[in-house]
Every structure is written in C-alpha cells, then in structure tokens.
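Text of the file final_28.pdb, holding PDB, C-alpha atoms:
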```pdb
ATOM      1  CA  MET A   1     -13.383 -81.182-147.488  1.00  0.00           C
ATOM      2  CA  ASN A   2     -14.067 -77.485-146.994  1.00  0.00           C
ATOM      3  CA  ILE A   3     -12.449 -75.567-144.169  1.00  0.00           C
ATOM      4  CA  LEU A   4     -14.244 -72.445-142.952  1.00  0.00           C
ATOM      5  CA  LEU A   5     -12.000 -69.375-142.741  1.00  0.00           C
ATOM      6  CA  PHE A   6     -12.536 -66.151-140.816  1.00  0.00           C
ATOM      7  CA  ALA A   7     -10.937 -62.748-140.276  1.00  0.00           C
ATOM      8  CA  GLN A   8      -7.191 -62.678-140.983  1.00  0.00           C
ATOM      9  CA  LEU A   9      -7.226 -66.170-142.490  1.00  0.00           C
ATOM     10  CA  ALA A  10     -10.132 -65.419-144.832  1.00  0.00           C
ATOM     11  CA  GLU A  11      -8.224 -62.322-145.873  1.00  0.00           C
ATOM     12  CA  ARG A  12      -5.016 -64.293-146.427  1.00  0.00           C
ATOM     13  CA  PHE A  13      -6.719 -66.783-148.725  1.00  0.00           C
ATOM     14  CA  GLY A  14      -9.160 -64.276-150.227  1.00  0.00           C
ATOM     15  CA  ALA A  15     -12.000 -66.665-149.483  1.00  0.00           C
ATOM     16  CA  ARG A  16     -14.264 -67.818-146.662  1.00  0.00           C
ATOM     17  CA  GLN A  17     -13.670 -71.489-147.435  1.00  0.00           C
ATOM     18  CA  LEU A  18     -10.630 -73.512-148.373  1.00  0.00           C
ATOM     19  CA  SER A  19     -10.917 -76.788-150.204  1.00  0.00           C
ATOM     20  CA  VAL A  20      -8.473 -79.464-149.035  1.00  0.00           C
ATOM     21  CA  PRO A  21      -8.226 -83.233-149.576  1.00  0.00           C
ATOM     22  CA  HIS A  22     -10.063 -85.259-146.955  1.00  0.00           C
ATOM     23  CA  MET A  23      -8.083 -85.282-143.706  1.00  0.00           C
ATOM     24  CA  THR A  24      -8.295 -88.051-141.109  1.00  0.00           C
ATOM     25  CA  ASP A  25      -7.630 -85.749-138.144  1.00  0.00           C
ATOM     26  CA  THR A  26      -6.761 -82.180-137.210  1.00  0.00           C
ATOM     27  CA  ASP A  27      -3.005 -82.819-136.893  1.00  0.00           C
ATOM     28  CA  THR A  28      -2.953 -84.086-140.478  1.00  0.00           C
ATOM     29  CA  LEU A  29      -4.845 -80.987-141.556  1.00  0.00           C
ATOM     30  CA  THR A  30      -2.370 -78.717-139.767  1.00  0.00           C
ATOM     31  CA  HIS A  31       0.596 -80.468-141.376  1.00  0.00           C
ATOM     32  CA  HIS A  32      -1.046 -80.183-144.788  1.00  0.00           C
ATOM     33  CA  LEU A  33      -1.646 -76.455-144.365  1.00  0.00           C
ATOM     34  CA  ASN A  34       1.895 -75.840-143.091  1.00  0.00           C
ATOM     35  CA  ASN A  35       3.368 -77.774-146.011  1.00  0.00           C
ATOM     36  CA  THR A  36       1.251 -76.235-148.754  1.00  0.00           C
ATOM     37  CA  CYS A  37       0.887 -72.628-147.608  1.00  0.00           C
ATOM     38  CA  SER A  38       4.071 -70.633-147.209  1.00  0.00           C
ATOM     39  CA  GLY A  39       4.514 -69.277-143.689  1.00  0.00           C
ATOM     40  CA  PHE A  40       1.272 -70.817-142.430  1.00  0.00           C
ATOM     41  CA  GLU A  41       2.967 -72.255-139.350  1.00  0.00           C
ATOM     42  CA  LYS A  42       3.312 -68.668-138.108  1.00  0.00           C
ATOM     43  CA  GLU A  43      -0.424 -68.061-138.199  1.00  0.00           C
ATOM     44  CA  VAL A  44      -2.212 -67.942-134.846  1.00  0.00           C
ATOM     45  CA  TYR A  45      -5.578 -69.696-134.745  1.00  0.00           C
ATOM     46  CA  MET A  46      -7.706 -72.286-132.987  1.00  0.00           C
ATOM     47  CA  ILE A  47      -9.435 -75.152-134.711  1.00  0.00           C
ATOM     48  CA  ALA A  48     -13.148 -75.773-134.250  1.00  0.00           C
ATOM     49  CA  VAL A  49     -14.691 -79.095-135.237  1.00  0.00           C
ATOM     50  CA  ASP A  50     -18.482 -79.062-135.452  1.00  0.00           C
ATOM     51  CA  LYS A  51     -18.538 -75.691-133.663  1.00  0.00           C
ATOM     52  CA  ASN A  52     -16.450 -76.866-130.710  1.00  0.00           C
ATOM     53  CA  ILE A  53     -12.879 -75.694-130.194  1.00  0.00           C
ATOM     54  CA  VAL A  54     -10.434 -78.583-130.009  1.00  0.00           C
ATOM     55  CA  HIS A  55      -7.012 -78.405-128.382  1.00  0.00           C
ATOM     56  CA  GLU A  56      -5.818 -81.928-129.137  1.00  0.00           C
ATOM     57  CA  ASN A  57      -5.631 -84.047-132.220  1.00  0.00           C
ATOM     58  CA  THR A  58      -9.235 -84.777-133.192  1.00  0.00           C
ATOM     59  CA  PRO A  59     -10.515 -87.330-135.717  1.00  0.00           C
ATOM     60  CA  LEU A  60     -12.399 -85.947-138.711  1.00  0.00           C
ATOM     61  CA  ASN A  61     -14.997 -87.651-140.848  1.00  0.00           C
ATOM     62  CA  GLU A  62     -16.609 -86.667-144.125  1.00  0.00           C
ATOM     63  CA  HIS A  63     -19.324 -84.710-142.286  1.00  0.00           C
ATOM     64  CA  SER A  64     -17.009 -82.809-139.928  1.00  0.00           C
ATOM     65  CA  ILE A  65     -17.305 -79.037-140.126  1.00  0.00           C
ATOM     66  CA  VAL A  66     -13.849 -77.591-139.552  1.00  0.00           C
ATOM     67  CA  ALA A  67     -13.190 -73.895-138.962  1.00  0.00           C
ATOM     68  CA  LEU A  68      -9.952 -72.018-138.391  1.00  0.00           C
ATOM     69  CA  LEU A  69     -10.495 -69.251-135.853  1.00  0.00           C
ATOM     70  CA  PRO A  70      -8.027 -66.360-135.393  1.00  0.00           C
ATOM     71  CA  PRO A  71      -7.969 -64.669-131.958  1.00  0.00           C
ATOM     72  CA  PHE A  72     -11.419 -63.299-131.144  1.00  0.00           C
ATOM     73  CA  SER A  73     -11.894 -59.535-131.057  1.00  0.00           C
ATOM     74  CA  GLY A  74     -15.595 -58.909-130.572  1.00  0.00           C
ATOM     75  CA  GLY A  75     -17.110 -56.261-128.330  1.00  0.00           C
TER      76      GLY A  75
ATOM     77  CA  MET B   1     -36.110 -76.497-116.482  1.00  0.00           C
ATOM     78  CA  ASN B   2     -36.377 -73.350-118.554  1.00  0.00           C
ATOM     79  CA  ASP B   3     -37.788 -72.487-121.913  1.00  0.00           C
ATOM     80  CA  ARG B   4     -34.948 -70.240-122.970  1.00  0.00           C
ATOM     81  CA  LYS B   5     -34.035 -70.870-126.572  1.00  0.00           C
ATOM     82  CA  PRO B   6     -30.924 -69.654-128.440  1.00  0.00           C
ATOM     83  CA  LYS B   7     -31.477 -66.022-129.354  1.00  0.00           C
ATOM     84  CA  ASN B   8     -30.033 -64.104-132.284  1.00  0.00           C
ATOM     85  CA  ILE B   9     -27.810 -61.465-130.717  1.00  0.00           C
ATOM     86  CA  PHE B  10     -26.625 -59.936-133.982  1.00  0.00           C
ATOM     87  CA  ILE B  11     -27.795 -56.611-135.376  1.00  0.00           C
ATOM     88  CA  ALA B  12     -26.666 -55.217-138.738  1.00  0.00           C
ATOM     89  CA  GLY B  13     -24.741 -52.000-138.166  1.00  0.00           C
ATOM     90  CA  ALA B  14     -24.694 -49.839-135.061  1.00  0.00           C
ATOM     91  CA  ILE B  15     -27.131 -50.372-132.191  1.00  0.00           C
ATOM     92  CA  SER B  16     -29.238 -47.246-131.977  1.00  0.00           C
ATOM     93  CA  PRO B  17     -29.774 -45.294-128.756  1.00  0.00           C
ATOM     94  CA  GLN B  18     -33.514 -45.544-129.468  1.00  0.00           C
ATOM     95  CA  PHE B  19     -33.311 -49.341-129.478  1.00  0.00           C
ATOM     96  CA  ILE B  20     -31.551 -49.214-126.111  1.00  0.00           C
ATOM     97  CA  ALA B  21     -34.141 -46.812-124.681  1.00  0.00           C
ATOM     98  CA  ASP B  22     -36.989 -48.953-126.006  1.00  0.00           C
ATOM     99  CA  SER B  23     -35.412 -52.045-124.402  1.00  0.00           C
ATOM    100  CA  ILE B  24     -35.366 -50.285-121.043  1.00  0.00           C
ATOM    101  CA  GLY B  25     -38.942 -49.141-121.465  1.00  0.00           C
ATOM    102  CA  GLU B  26     -40.134 -52.647-122.269  1.00  0.00           C
ATOM    103  CA  HIS B  27     -39.141 -53.750-118.785  1.00  0.00           C
ATOM    104  CA  ALA B  28     -41.427 -51.315-116.989  1.00  0.00           C
ATOM    105  CA  ALA B  29     -44.134 -53.980-116.878  1.00  0.00           C
ATOM    106  CA  LYS B  30     -41.883 -56.378-114.972  1.00  0.00           C
ATOM    107  CA  LYS B  31     -42.578 -55.049-111.509  1.00  0.00           C
ATOM    108  CA  ASN B  32     -40.353 -57.623-109.791  1.00  0.00           C
ATOM    109  CA  ILE B  33     -37.228 -55.928-111.220  1.00  0.00           C
ATOM    110  CA  GLY B  34     -35.354 -53.602-108.862  1.00  0.00           C
ATOM    111  CA  ALA B  35     -32.173 -53.045-110.823  1.00  0.00           C
ATOM    112  CA  HIS B  36     -30.820 -52.989-114.347  1.00  0.00           C
ATOM    113  CA  SER B  37     -27.163 -53.037-115.284  1.00  0.00           C
ATOM    114  CA  ILE B  38     -26.269 -51.946-118.780  1.00  0.00           C
ATOM    115  CA  PHE B  39     -22.992 -52.104-120.651  1.00  0.00           C
ATOM    116  CA  LEU B  40     -22.562 -50.305-123.950  1.00  0.00           C
ATOM    117  CA  GLY B  41     -19.487 -50.853-126.092  1.00  0.00           C
ATOM    118  CA  GLN B  42     -18.789 -47.904-128.370  1.00  0.00           C
ATOM    119  CA  VAL B  43     -16.329 -47.725-131.271  1.00  0.00           C
ATOM    120  CA  ARG B  44     -13.484 -45.458-130.228  1.00  0.00           C
ATOM    121  CA  ASP B  45     -11.471 -43.389-132.695  1.00  0.00           C
ATOM    122  CA  ASP B  46      -8.063 -44.541-131.515  1.00  0.00           C
ATOM    123  CA  VAL B  47      -5.027 -43.113-133.272  1.00  0.00           C
ATOM    124  CA  LEU B  48      -2.441 -45.717-134.233  1.00  0.00           C
ATOM    125  CA  ALA B  49       0.781 -44.756-136.043  1.00  0.00           C
ATOM    126  CA  GLY B  50      -0.751 -41.411-136.946  1.00  0.00           C
ATOM    127  CA  LYS B  51      -3.910 -42.958-138.412  1.00  0.00           C
ATOM    128  CA  LYS B  52      -7.326 -42.570-136.825  1.00  0.00           C
ATOM    129  CA  ILE B  53      -9.887 -45.365-136.626  1.00  0.00           C
ATOM    130  CA  THR B  54     -13.063 -44.322-138.436  1.00  0.00           C
ATOM    131  CA  ALA B  55     -15.024 -47.566-138.086  1.00  0.00           C
ATOM    132  CA  ILE B  56     -14.884 -51.235-137.145  1.00  0.00           C
ATOM    133  CA  GLU B  57     -16.229 -53.950-139.436  1.00  0.00           C
ATOM    134  CA  TYR B  58     -17.499 -56.915-137.455  1.00  0.00           C
ATOM    135  CA  THR B  59     -17.762 -60.467-138.754  1.00  0.00           C
ATOM    136  CA  ALA B  60     -18.536 -63.684-136.913  1.00  0.00           C
ATOM    137  CA  TYR B  61     -18.826 -67.438-137.158  1.00  0.00           C
ATOM    138  CA  GLU B  62     -22.460 -66.822-136.476  1.00  0.00           C
ATOM    139  CA  GLU B  63     -23.732 -70.346-135.882  1.00  0.00           C
ATOM    140  CA  MET B  64     -20.985 -71.073-133.391  1.00  0.00           C
ATOM    141  CA  ALA B  65     -21.282 -67.660-131.737  1.00  0.00           C
ATOM    142  CA  LEU B  66     -24.994 -68.160-131.128  1.00  0.00           C
ATOM    143  CA  ASP B  67     -24.392 -71.620-129.670  1.00  0.00           C
ATOM    144  CA  GLN B  68     -21.653 -70.271-127.408  1.00  0.00           C
ATOM    145  CA  MET B  69     -23.807 -67.327-126.369  1.00  0.00           C
ATOM    146  CA  HIS B  70     -26.607 -69.696-125.412  1.00  0.00           C
ATOM    147  CA  ILE B  71     -24.207 -71.712-123.246  1.00  0.00           C
ATOM    148  CA  LEU B  72     -22.908 -68.494-121.689  1.00  0.00           C
ATOM    149  CA  ARG B  73     -26.420 -67.213-121.055  1.00  0.00           C
ATOM    150  CA  GLU B  74     -27.409 -70.453-119.324  1.00  0.00           C
ATOM    151  CA  SER B  75     -24.312 -70.347-117.125  1.00  0.00           C
ATOM    152  CA  ILE B  76     -25.022 -66.746-116.125  1.00  0.00           C
ATOM    153  CA  PHE B  77     -28.622 -67.577-115.214  1.00  0.00           C
ATOM    154  CA  GLU B  78     -27.346 -70.544-113.221  1.00  0.00           C
ATOM    155  CA  LYS B  79     -24.901 -68.391-111.299  1.00  0.00           C
ATOM    156  CA  TYR B  80     -26.881 -65.186-110.732  1.00  0.00           C
ATOM    157  CA  SER B  81     -30.438 -64.536-109.671  1.00  0.00           C
ATOM    158  CA  LEU B  82     -31.542 -62.605-112.733  1.00  0.00           C
ATOM    159  CA  THR B  83     -34.961 -61.703-113.986  1.00  0.00           C
ATOM    160  CA  CYS B  84     -33.701 -61.415-117.541  1.00  0.00           C
ATOM    161  CA  MET B  85     -30.713 -60.733-119.733  1.00  0.00           C
ATOM    162  CA  HIS B  86     -30.418 -59.299-123.245  1.00  0.00           C
ATOM    163  CA  VAL B  87     -27.350 -59.213-125.433  1.00  0.00           C
ATOM    164  CA  HIS B  88     -26.956 -57.518-128.810  1.00  0.00           C
ATOM    165  CA  HIS B  89     -23.780 -57.309-130.909  1.00  0.00           C
ATOM    166  CA  SER B  90     -23.270 -55.498-134.192  1.00  0.00           C
ATOM    167  CA  LEU B  91     -22.188 -57.099-137.431  1.00  0.00           C
ATOM    168  CA  SER B  92     -20.882 -55.247-140.467  1.00  0.00           C
ATOM    169  CA  THR B  93     -19.738 -51.632-140.184  1.00  0.00           C
ATOM    170  CA  VAL B  94     -20.059 -49.496-137.058  1.00  0.00           C
ATOM    171  CA  GLU B  95     -18.592 -46.018-137.338  1.00  0.00           C
ATOM    172  CA  ALA B  96     -16.618 -44.399-134.531  1.00  0.00           C
ATOM    173  CA  GLY B  97     -19.084 -43.204-131.913  1.00  0.00           C
ATOM    174  CA  GLY B  98     -21.531 -45.990-132.730  1.00  0.00           C
ATOM    175  CA  ILE B  99     -22.622 -48.626-130.210  1.00  0.00           C
ATOM    176  CA  CYS B 100     -21.473 -52.139-131.124  1.00  0.00           C
ATOM    177  CA  LEU B 101     -22.272 -54.127-127.973  1.00  0.00           C
ATOM    178  CA  PHE B 102     -25.287 -53.893-125.648  1.00  0.00           C
ATOM    179  CA  VAL B 103     -25.486 -56.105-122.576  1.00  0.00           C
ATOM    180  CA  PHE B 104     -28.504 -55.596-120.332  1.00  0.00           C
ATOM    181  CA  THR B 105     -29.120 -57.574-117.146  1.00  0.00           C
ATOM    182  CA  SER B 106     -32.011 -57.195-114.724  1.00  0.00           C
ATOM    183  CA  SER B 107     -32.622 -58.518-111.234  1.00  0.00           C
ATOM    184  CA  ALA B 108     -34.596 -57.869-108.082  1.00  0.00           C
ATOM    185  CA  HIS B 109     -31.515 -56.500-106.333  1.00  0.00           C
ATOM    186  CA  ARG B 110     -28.566 -54.692-107.865  1.00  0.00           C
ATOM    187  CA  LYS B 111     -25.611 -56.941-107.037  1.00  0.00           C
ATOM    188  CA  ALA B 112     -26.757 -59.795-109.263  1.00  0.00           C
ATOM    189  CA  ALA B 113     -27.407 -57.486-112.218  1.00  0.00           C
ATOM    190  CA  ILE B 114     -24.093 -55.652-111.864  1.00  0.00           C
ATOM    191  CA  ASP B 115     -21.975 -58.781-111.402  1.00  0.00           C
ATOM    192  CA  ALA B 116     -23.746 -60.706-114.161  1.00  0.00           C
ATOM    193  CA  CYS B 117     -23.363 -57.830-116.599  1.00  0.00           C
ATOM    194  CA  GLU B 118     -19.640 -57.547-115.981  1.00  0.00           C
ATOM    195  CA  GLU B 119     -19.009 -61.264-116.285  1.00  0.00           C
ATOM    196  CA  THR B 120     -21.096 -61.485-119.454  1.00  0.00           C
ATOM    197  CA  VAL B 121     -19.192 -58.650-121.136  1.00  0.00           C
ATOM    198  CA  GLU B 122     -15.823 -60.205-120.314  1.00  0.00           C
ATOM    199  CA  LYS B 123     -16.867 -63.626-121.557  1.00  0.00           C
ATOM    200  CA  ILE B 124     -18.402 -62.285-124.771  1.00  0.00           C
ATOM    201  CA  LYS B 125     -15.109 -60.602-125.599  1.00  0.00           C
ATOM    202  CA  LYS B 126     -13.084 -63.682-124.721  1.00  0.00           C
ATOM    203  CA  GLU B 127     -15.205 -66.588-125.888  1.00  0.00           C
ATOM    204  CA  LEU B 128     -17.420 -65.659-128.836  1.00  0.00           C
ATOM    205  CA  PRO B 129     -16.041 -66.139-132.385  1.00  0.00           C
ATOM    206  CA  ILE B 130     -16.495 -62.511-133.421  1.00  0.00           C
ATOM    207  CA  TRP B 131     -13.823 -60.386-135.114  1.00  0.00           C
ATOM    208  CA  GLY B 132     -13.375 -56.646-135.570  1.00  0.00           C
ATOM    209  CA  ASN B 133     -11.497 -55.120-138.470  1.00  0.00           C
ATOM    210  CA  GLU B 134     -10.416 -51.568-137.609  1.00  0.00           C
ATOM    211  CA  VAL B 135     -10.755 -49.232-140.576  1.00  0.00           C
ATOM    212  CA  PHE B 136      -8.504 -46.161-140.661  1.00  0.00           C
ATOM    213  CA  ASP B 137      -8.997 -42.727-142.180  1.00  0.00           C
ATOM    214  CA  ASP B 138      -6.614 -43.618-145.019  1.00  0.00           C
ATOM    215  CA  SER B 139      -8.788 -46.655-145.868  1.00  0.00           C
ATOM    216  CA  THR B 140      -6.223 -49.135-144.591  1.00  0.00           C
ATOM    217  CA  HIS B 141      -7.229 -51.545-141.862  1.00  0.00           C
ATOM    218  CA  GLN B 142      -5.918 -53.849-139.192  1.00  0.00           C
ATOM    219  CA  TRP B 143      -7.483 -56.670-137.241  1.00  0.00           C
ATOM    220  CA  LYS B 144      -8.485 -55.672-133.721  1.00  0.00           C
ATOM    221  CA  ILE B 145      -6.727 -57.217-130.744  1.00  0.00           C
ATOM    222  CA  ASN B 146      -8.749 -57.550-127.551  1.00  0.00           C
ATOM    223  CA  LYS B 147      -6.786 -56.766-124.417  1.00  0.00           C
TER     224      LYS B 147
END
```
Here is the file; what I need is its structure written in the form of structure tokens.
Amino acid sequence: MNILLFAQLAERFGARQLSVPHMTDTDTLTHHLNNTCSGFEKEVYMIAVDKNIVHENTPLNEHSIVALLPPFSGG
Amino acid sequence: MNDRKPKNIFIAGAISPQFIADSIGEHAAKKNIGAHSIFLGQVRDDVLAGKKITAIEYTAYEEMALDQMHILRESIFEKYSLTCMHVHHSLSTVEAGGICLFVFTSSAHRKAAIDACEETVEKIKKELPIWGNEVFDDSTHQWKINK
C-alpha cells in the first residue's frame, strides 16, 4: 500500500509516497516504519486514514488512504 | 439546509492586494451587510540564527484541507450570524511581504464578523493540513512551527 507523505516526512524520504507491504491496522504500520526506518520513532506526526485523523489503532483495508501528517504550519 | 459546497481556498503564490480590494468591492451589492472583518496573513522576514527569511513555500494535503475547511466553514456559519465568509490560502512560494492568508467575514452587525474571523483564523492555523517551509537568504530552509 502507498502511504502519503508531507512536509518534513516527504523531505526525509525524498518522495511524496512510500510503498509498504499491506498493513492490517495503523499500529502495525507504525511498528513497521519504526523497525525499518532508522530513528523514525522520533518523528512527530499524526496519521490520517481516508482524510480523517485517527488517534487510536485503526483497521486498514486495501482501499484505505493513509497519510502521515507532521505538525501543521499554515497561515 | 444550505447550498454551500466545498470551495477551493488555494491560490498559487501570493494573494494580491488587488484581489483583496476586488473581493471587498464585490460585496457592495449586498446591502444587508453592515460589517466586514478581514484578516491578512503576511510573510514576515524573521531573522533566525543570523539568517533572514526571504519566503515561505506552502504545501498542503489539499483534498483533506478542503474537506476540513468545509467542515470549519459550516461550523462557523452555525455559530455566527454571517452573511458570507471567504477564505483564501496561498500554495507554493510567497516572498516576504506577500499575503499568504485572507479571511473575510461579513455580517449585518460587527460582532459576528469580528468574532467569526478570529475563530476562523485560529482554526485554519490549527486544523488544516497545510505546511510552510521557511526559506532563508542563504538558500537553506526550515519547517515553520505555528505558535
């Protein structure tokens, strides 16, 4: 599945999307990122699933649109 | 029941003073308006560690930002007696001195317009997935932090 990246995270990966194996839920995704990307557990971000921010473990399906959102700084 | 649909708030580059003036002028025909409240966000040339900001580059999760802005707009109309409300935010590069955010609320009486404008500005900065990358005069950059 593709994860949408923005701002600092897009800069870190040099891309606006990150391809990962299919994840069953957001906790699994977080663990995968922390285990495969050095220092990722220090990154500050929120997770959005289908354009809604989630604060708890959330199931993902093959159609889920997941985005990692660094702290907002518009305006 | 209203017929307000999600609006595209994004403008490429700086928001021109002429655009702002034209927006004000377009409301002259709405004779039930007694007050407008306008907020303009301008890119400031802060100096950080001896380096001066020359511009901010804005990016956004546009689809989500427009959805969130629509929800915000509906909540503001629910809470305040407004005639109308217009929001515009820049994307891409805005140089120091350029306008990057334009919030414009109108009502019959001033309190609703003033209060709605302030609340809308605060919520845009807090809730919309928009990011600013501050560009310095030595071509380095750092991601903006909203306070």
Quiz prompt | Output check: residues returned by the PyMOL selection byres ((chain B and resi 137-143) around 7), as JSON, numbers by chain | solution = {"B": [51, 52, 53, 54, 132, 133, 134, 135, 136, 144, 145]}
If you keep C-alpha atoms, can you produce a file of those selected residues as a short mmCIF file (atom, residue, chain, number, x, y, z; two decimals), in the coordinates of the input?
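Okay, result.cif is ready:
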```cif
data_model
loop_
_atom_site.label_atom_id
_atom_site.label_comp_id
_atom_site.auth_asym_id
_atom_site.auth_seq_id
_atom_site.Cartn_x
_atom_site.Cartn_y
_atom_site.Cartn_z
CA LYS B 51 -3.91 -42.96 -138.41
CA LYS B 52 -7.33 -42.57 -136.82
CA ILE B 53 -9.89 -45.36 -136.63
CA THR B 54 -13.06 -44.32 -138.44
CA GLY B 132 -13.38 -56.65 -135.57
CA ASN B 133 -11.50 -55.12 -138.47
CA GLU B 134 -10.42 -51.57 -137.61
CA VAL B 135 -10.76 -49.23 -140.58
CA PHE B 136 -8.50 -46.16 -140.66
CA LYS B 144 -8.48 -55.67 -133.72
CA ILE B 145 -6.73 -57.22 -130.74
#
```
Quiz item: atom CA of A:Ile53 to atom CA of B:Val87: how many Å, to one decimal?
Solution: 22.4 Å
Practice problem: Go through B:Thr93, B:Gln68, B:Thr83, B:Ser107 one by one, measure the shortest atom-to-atom distance of each to chain A using only C-alpha atoms, and give the residue with the smallest value. | Solution: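 Going through B:Thr93, B:Gln68, B:Thr83, B:Ser107 one by one, the smallest distance to chain A is for B:Gln68.
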Exercise. Output the residue selection produced by the PyMOL selection byres ((chain B and resi 11) around 12) on the file above, formatted as a PyMOL selection string.
Key: chain B and resi 7-10+12-16+19+58-60+62+87-94+99-102
Quiz prompt | A:Phe13, A:His22, A:Leu4, A:Phe72 ranked by distance to A:Lys51, top pick (using all atoms listed in the file) | solution =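 Ranking A:Phe13, A:His22, A:Leu4, A:Phe72 by distance to A:Lys51, first place goes to A:Leu4.
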Practice problem: Compute the chain A side of the contact with chain B at 10 Å, counting all atoms listed in the file, and hand it back as a PyMOL selection string. | Solution: chain A and resi 4-8+48+50-53+67+69-75
Practice problem: Measure the distance from atom CA of A:Glu62 to atom CA of A:Arg12 in Å and round it to one decimal. | Solution: 25.3 Å
Quiz item: For the atom pair atom CA of A:His63 and atom CA of A:Leu29, what is the interatomic distance in Å to one decimal place?
Solution: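 For atom CA of A:His63 relative to atom CA of A:Leu29, the distance reads 15.0 Å.
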